[in-house]
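Structure first, commentary second.
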Amino acid sequence: MTSSFESKTVRIAHAVEKVYTLLSDLSNLDRFQSVLNAPENQNKLKITGYDSDSLSIEVSPIGSVTFRIVNREPNKTIKFEAENSPLPLNLWIQFVPTGESETASRVTVKADLNPFIKPMVSKPLQEGVDKMADMLVVLPYEQ
């Protein structure tokens, strides 16, 4: 049974083109290390590895999950598919321009959860998409 988890909508204070360009190439995470490793962000998202098309994160209680980009729709969405995950799931980030220098964004996860496992993983998955959305706001989009 497919379950959907949507983050709150966040406002990013940068133009949609800049946000999309930066996030659609995950090797740009090199530029984010100081933000990602800042003490105030340590409990938000633990990234364990990445390249231009994939991102590995630590998700409690699931463990390490790698997300690979499977579709890029310029200035609209980036879609990911989970690899080496105990649960089949997809993740995507949506972008909507809300002004010349502002972008609304939301993170969505769809997962195939059986009725036994759903109560155990629903809260961590919801917290995960919300933490990911929060991180999108604080990333340094300016070079």
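Following the order of the structure tokens, first chain is A, next is B, and so on, with residues numbered from 1 inside each chain and ligands from 1 in the order they appear.
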- Message: With only C-alpha atoms as the counted atoms, please give the residues lying no more than 10 Å from Pro74 of chain A, apart from itself and same-chain residues fewer than 4 positions off, as a ChimeraX atom specification.
- Response: /A:16-17,20-21,24,78,95
Generate the output file for the selected residues, N, CA and C atoms, as a PDB file, in the first residue's frame.
```pdb
ATOM      1  N   VAL A  16      13.901  30.738  -8.558  1.00  0.00           N
ATOM      2  CA  VAL A  16      13.726  29.310  -8.818  1.00  0.00           C
ATOM      3  C   VAL A  16      14.852  28.736  -9.680  1.00  0.00           C
ATOM      4  N   GLU A  17      15.339  29.504 -10.644  1.00  0.00           N
ATOM      5  CA  GLU A  17      16.415  29.014 -11.520  1.00  0.00           C
ATOM      6  C   GLU A  17      17.681  28.711 -10.715  1.00  0.00           C
ATOM      7  N   TYR A  20      16.970  25.554  -8.415  1.00  0.00           N
ATOM      8  CA  TYR A  20      16.952  24.320  -9.210  1.00  0.00           C
ATOM      9  C   TYR A  20      18.356  23.958  -9.704  1.00  0.00           C
ATOM     10  N   THR A  21      19.067  24.926 -10.254  1.00  0.00           N
ATOM     11  CA  THR A  21      20.399  24.665 -10.801  1.00  0.00           C
ATOM     12  C   THR A  21      21.323  24.088  -9.732  1.00  0.00           C
ATOM     13  N   SER A  24      19.939  20.424  -8.553  1.00  0.00           N
ATOM     14  CA  SER A  24      19.850  19.358  -9.554  1.00  0.00           C
ATOM     15  C   SER A  24      21.202  18.701  -9.827  1.00  0.00           C
ATOM     16  N   ILE A  78      12.680  17.744  -9.031  1.00  0.00           N
ATOM     17  CA  ILE A  78      13.784  16.789  -9.090  1.00  0.00           C
ATOM     18  C   ILE A  78      13.232  15.531  -8.428  1.00  0.00           C
ATOM     19  N   PHE A  95       9.391  22.794  -6.953  1.00  0.00           N
ATOM     20  CA  PHE A  95       9.729  24.213  -6.886  1.00  0.00           C
ATOM     21  C   PHE A  95       8.644  25.022  -7.592  1.00  0.00           C
TER      22      PHE A  95
END
```
Using only C-alpha atoms, which residues sit within 10 Å of Ile93 of chain A once same-chain residues fewer than 4 positions away are excluded, as a PDB file with N, CA, C and O atoms, in the first residue's frame?
```pdb
ATOM      1  N   GLU A   6       4.232  14.450   2.874  1.00  0.00           N
ATOM      2  CA  GLU A   6       4.584  15.752   2.306  1.00  0.00           C
ATOM      3  C   GLU A   6       5.082  16.679   3.400  1.00  0.00           C
ATOM      4  O   GLU A   6       4.493  16.760   4.473  1.00  0.00           O
ATOM      5  N   SER A   7       6.157  17.393   3.079  1.00  0.00           N
ATOM      6  CA  SER A   7       6.658  18.387   4.024  1.00  0.00           C
ATOM      7  C   SER A   7       5.747  19.607   3.983  1.00  0.00           C
ATOM      8  O   SER A   7       4.922  19.763   3.087  1.00  0.00           O
ATOM      9  N   TYR A  20      16.970  25.554  -8.415  1.00  0.00           N
ATOM     10  CA  TYR A  20      16.952  24.320  -9.210  1.00  0.00           C
ATOM     11  C   TYR A  20      18.356  23.958  -9.704  1.00  0.00           C
ATOM     12  O   TYR A  20      18.792  22.812  -9.588  1.00  0.00           O
ATOM     13  N   LEU A  23      20.474  22.529  -6.822  1.00  0.00           N
ATOM     14  CA  LEU A  23      20.037  21.251  -6.259  1.00  0.00           C
ATOM     15  C   LEU A  23      19.989  20.118  -7.273  1.00  0.00           C
ATOM     16  O   LEU A  23      20.011  18.949  -6.891  1.00  0.00           O
ATOM     17  N   SER A  24      19.939  20.424  -8.553  1.00  0.00           N
ATOM     18  CA  SER A  24      19.850  19.358  -9.554  1.00  0.00           C
ATOM     19  C   SER A  24      21.202  18.701  -9.827  1.00  0.00           C
ATOM     20  O   SER A  24      21.272  17.662 -10.478  1.00  0.00           O
ATOM     21  N   ARG A  72      14.752  15.023 -13.932  1.00  0.00           N
ATOM     22  CA  ARG A  72      14.912  16.452 -13.648  1.00  0.00           C
ATOM     23  C   ARG A  72      13.982  17.204 -14.584  1.00  0.00           C
ATOM     24  O   ARG A  72      14.083  17.065 -15.792  1.00  0.00           O
ATOM     25  N   LYS A  76      11.116  22.963 -11.920  1.00  0.00           N
ATOM     26  CA  LYS A  76       9.847  22.435 -11.394  1.00  0.00           C
ATOM     27  C   LYS A  76      10.050  21.307 -10.392  1.00  0.00           C
ATOM     28  O   LYS A  76       9.528  21.395  -9.283  1.00  0.00           O
ATOM     29  N   THR A  77      10.743  20.237 -10.782  1.00  0.00           N
ATOM     30  CA  THR A  77      10.920  19.106  -9.869  1.00  0.00           C
ATOM     31  C   THR A  77      12.244  18.390 -10.094  1.00  0.00           C
ATOM     32  O   THR A  77      12.801  18.420 -11.186  1.00  0.00           O
ATOM     33  N   ILE A  78      12.680  17.744  -9.031  1.00  0.00           N
ATOM     34  CA  ILE A  78      13.784  16.789  -9.090  1.00  0.00           C
ATOM     35  C   ILE A  78      13.232  15.531  -8.428  1.00  0.00           C
ATOM     36  O   ILE A  78      12.791  15.577  -7.276  1.00  0.00           O
ATOM     37  N   LYS A  79      13.242  14.422  -9.175  1.00  0.00           N
ATOM     38  CA  LYS A  79      12.695  13.170  -8.649  1.00  0.00           C
ATOM     39  C   LYS A  79      13.813  12.183  -8.375  1.00  0.00           C
ATOM     40  O   LYS A  79      14.725  12.028  -9.181  1.00  0.00           O
ATOM     41  N   PHE A  80      13.704  11.525  -7.227  1.00  0.00           N
ATOM     42  CA  PHE A  80      14.695  10.565  -6.767  1.00  0.00           C
ATOM     43  C   PHE A  80      14.041   9.209  -6.533  1.00  0.00           C
ATOM     44  O   PHE A  80      12.865   9.141  -6.176  1.00  0.00           O
ATOM     45  N   SER A 105       8.916  25.670  -1.983  1.00  0.00           N
ATOM     46  CA  SER A 105       9.373  24.305  -2.227  1.00  0.00           C
ATOM     47  C   SER A 105       8.717  23.356  -1.232  1.00  0.00           C
ATOM     48  O   SER A 105       8.378  23.740  -0.108  1.00  0.00           O
ATOM     49  N   ARG A 106       8.574  22.110  -1.683  1.00  0.00           N
ATOM     50  CA  ARG A 106       8.013  21.071  -0.820  1.00  0.00           C
ATOM     51  C   ARG A 106       8.691  19.749  -1.171  1.00  0.00           C
ATOM     52  O   ARG A 106       8.983  19.483  -2.331  1.00  0.00           O
ATOM     53  N   VAL A 107       8.921  18.932  -0.157  1.00  0.00           N
ATOM     54  CA  VAL A 107       9.514  17.611  -0.339  1.00  0.00           C
ATOM     55  C   VAL A 107       8.417  16.572  -0.119  1.00  0.00           C
ATOM     56  O   VAL A 107       7.656  16.662   0.843  1.00  0.00           O
ATOM     57  N   THR A 108       8.337  15.590  -1.021  1.00  0.00           N
ATOM     58  CA  THR A 108       7.341  14.524  -0.917  1.00  0.00           C
ATOM     59  C   THR A 108       8.032  13.181  -1.001  1.00  0.00           C
ATOM     60  O   THR A 108       8.937  12.991  -1.818  1.00  0.00           O
ATOM     61  N   VAL A 109       7.598  12.257  -0.170  1.00  0.00           N
ATOM     62  CA  VAL A 109       8.064  10.869  -0.230  1.00  0.00           C
ATOM     63  C   VAL A 109       6.843   9.979  -0.401  1.00  0.00           C
ATOM     64  O   VAL A 109       5.833  10.156   0.286  1.00  0.00           O
ATOM     65  N   VAL A 129      11.062  14.294   5.886  1.00  0.00           N
ATOM     66  CA  VAL A 129      10.731  15.225   4.795  1.00  0.00           C
ATOM     67  C   VAL A 129      10.681  16.658   5.322  1.00  0.00           C
ATOM     68  O   VAL A 129      11.094  17.584   4.625  1.00  0.00           O
ATOM     69  N   MET A 132      14.275  17.819   5.711  1.00  0.00           N
ATOM     70  CA  MET A 132      14.855  18.080   4.401  1.00  0.00           C
ATOM     71  C   MET A 132      14.373  19.437   3.870  1.00  0.00           C
ATOM     72  O   MET A 132      15.164  20.224   3.344  1.00  0.00           O
ATOM     73  N   ALA A 133      13.091  19.731   4.027  1.00  0.00           N
ATOM     74  CA  ALA A 133      12.549  21.024   3.589  1.00  0.00           C
ATOM     75  C   ALA A 133      13.199  22.169   4.359  1.00  0.00           C
ATOM     76  O   ALA A 133      13.556  23.194   3.763  1.00  0.00           O
ATOM     77  N   LEU A 136      16.538  23.015   2.932  1.00  0.00           N
ATOM     78  CA  LEU A 136      16.504  23.739   1.653  1.00  0.00           C
ATOM     79  C   LEU A 136      16.520  25.252   1.881  1.00  0.00           C
ATOM     80  O   LEU A 136      17.056  25.999   1.076  1.00  0.00           O
TER      81      LEU A 136
END
```
Name the residues of chain A that come out as strand (DSSP E or B) in a backbone DSSP run; write them as a PDB file with C-alpha atoms, in the first residue's frame.
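File part-v3.pdb, as written:
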```
ATOM      1  CA  THR A   2       1.490   3.342  -1.068  1.00  0.00           C
ATOM      2  CA  SER A   3       1.686   6.069   1.552  1.00  0.00           C
ATOM      3  CA  SER A   4       2.554   9.684   0.848  1.00  0.00           C
ATOM      4  CA  PHE A   5       4.431  12.049   3.180  1.00  0.00           C
ATOM      5  CA  GLU A   6       4.584  15.752   2.306  1.00  0.00           C
ATOM      6  CA  VAL A  10       8.963  26.369   2.700  1.00  0.00           C
ATOM      7  CA  ARG A  11      10.009  29.707   1.222  1.00  0.00           C
ATOM      8  CA  ILE A  12      13.525  29.976  -0.183  1.00  0.00           C
ATOM      9  CA  LYS A  46      22.901  13.379   8.144  1.00  0.00           C
ATOM     10  CA  ILE A  47      24.479  13.100   4.693  1.00  0.00           C
ATOM     11  CA  THR A  48      26.930  10.218   4.411  1.00  0.00           C
ATOM     12  CA  GLY A  49      27.938  10.512   0.726  1.00  0.00           C
ATOM     13  CA  TYR A  50      27.042  12.041  -2.630  1.00  0.00           C
ATOM     14  CA  SER A  54      22.979  10.510  -5.906  1.00  0.00           C
ATOM     15  CA  LEU A  55      22.826  11.295  -2.215  1.00  0.00           C
ATOM     16  CA  SER A  56      23.232   8.899   0.728  1.00  0.00           C
ATOM     17  CA  ILE A  57      21.645   9.864   4.028  1.00  0.00           C
ATOM     18  CA  GLU A  58      21.296   8.278   7.441  1.00  0.00           C
ATOM     19  CA  VAL A  59      17.626   7.814   8.355  1.00  0.00           C
ATOM     20  CA  GLY A  63      19.560   3.160   8.342  1.00  0.00           C
ATOM     21  CA  SER A  64      21.477   4.435   5.333  1.00  0.00           C
ATOM     22  CA  VAL A  65      19.472   5.112   2.173  1.00  0.00           C
ATOM     23  CA  THR A  66      20.798   6.273  -1.196  1.00  0.00           C
ATOM     24  CA  PHE A  67      18.594   8.441  -3.394  1.00  0.00           C
ATOM     25  CA  ARG A  68      19.423   8.564  -7.109  1.00  0.00           C
ATOM     26  CA  ILE A  69      18.031  11.304  -9.374  1.00  0.00           C
ATOM     27  CA  VAL A  70      15.786   9.656 -11.964  1.00  0.00           C
ATOM     28  CA  ASN A  71      14.152  12.744 -13.467  1.00  0.00           C
ATOM     29  CA  ARG A  72      14.912  16.452 -13.648  1.00  0.00           C
ATOM     30  CA  GLU A  73      12.237  18.866 -14.821  1.00  0.00           C
ATOM     31  CA  THR A  77      10.920  19.106  -9.869  1.00  0.00           C
ATOM     32  CA  ILE A  78      13.784  16.789  -9.090  1.00  0.00           C
ATOM     33  CA  LYS A  79      12.695  13.170  -8.649  1.00  0.00           C
ATOM     34  CA  PHE A  80      14.695  10.565  -6.767  1.00  0.00           C
ATOM     35  CA  GLU A  81      14.395   6.808  -6.357  1.00  0.00           C
ATOM     36  CA  ALA A  82      15.713   5.034  -3.275  1.00  0.00           C
ATOM     37  CA  GLU A  83      18.412   2.396  -3.676  1.00  0.00           C
ATOM     38  CA  LEU A  89      10.261   4.637  -1.921  1.00  0.00           C
ATOM     39  CA  ASN A  90      10.535   7.686  -4.135  1.00  0.00           C
ATOM     40  CA  LEU A  91      11.263  11.262  -3.167  1.00  0.00           C
ATOM     41  CA  TRP A  92      10.806  14.476  -5.060  1.00  0.00           C
ATOM     42  CA  ILE A  93      11.406  18.135  -4.498  1.00  0.00           C
ATOM     43  CA  GLN A  94       8.966  20.577  -6.093  1.00  0.00           C
ATOM     44  CA  PHE A  95       9.729  24.213  -6.886  1.00  0.00           C
ATOM     45  CA  VAL A  96       7.270  27.022  -7.580  1.00  0.00           C
ATOM     46  CA  PRO A  97       8.454  30.584  -8.227  1.00  0.00           C
ATOM     47  CA  THR A  98       6.601  32.977  -5.915  1.00  0.00           C
ATOM     48  CA  GLY A  99       8.435  36.115  -6.943  1.00  0.00           C
ATOM     49  CA  GLU A 102      11.642  33.716  -3.971  1.00  0.00           C
ATOM     50  CA  THR A 103      10.786  30.056  -4.453  1.00  0.00           C
ATOM     51  CA  ALA A 104       8.253  27.889  -2.651  1.00  0.00           C
ATOM     52  CA  SER A 105       9.373  24.305  -2.227  1.00  0.00           C
ATOM     53  CA  ARG A 106       8.013  21.071  -0.820  1.00  0.00           C
ATOM     54  CA  VAL A 107       9.514  17.611  -0.339  1.00  0.00           C
ATOM     55  CA  THR A 108       7.341  14.524  -0.917  1.00  0.00           C
ATOM     56  CA  VAL A 109       8.064  10.869  -0.230  1.00  0.00           C
ATOM     57  CA  LYS A 110       5.930   8.005  -1.493  1.00  0.00           C
ATOM     58  CA  ALA A 111       6.636   4.634   0.063  1.00  0.00           C
ATOM     59  CA  ASP A 112       5.151   1.154  -0.262  1.00  0.00           C
TER      60      ASP A 112
END
```
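For the atom pair formed by atom CA of His14 of chain A and atom CA of Ser52 of chain A, the distance is 21.5 Å, given to one decimal.
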- Task: Give me the residues within 6 Å of Asp51 of chain A as a VMD selection string, counting only C-alpha atoms and dropping any in the same chain fewer than 2 places off.
- Result: chain A and resid 26 to 27 53 to 54
- Report the residues of segment 81-130 of chain A whose backbone DSSP state falls under alpha helix (DSSP H), written as a PyMOL selection string. chain A and resi 118-130
- Message: One number please: atom CA of Thr9 of chain A to atom CA of Asn28 of chain A, in Å, one decimal.
- Response: 22.9 Å
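Atom CA of Lys8 of chain A to atom CA of Phe32 of chain A spans 22.1 Å [interatomic distance, one decimal].
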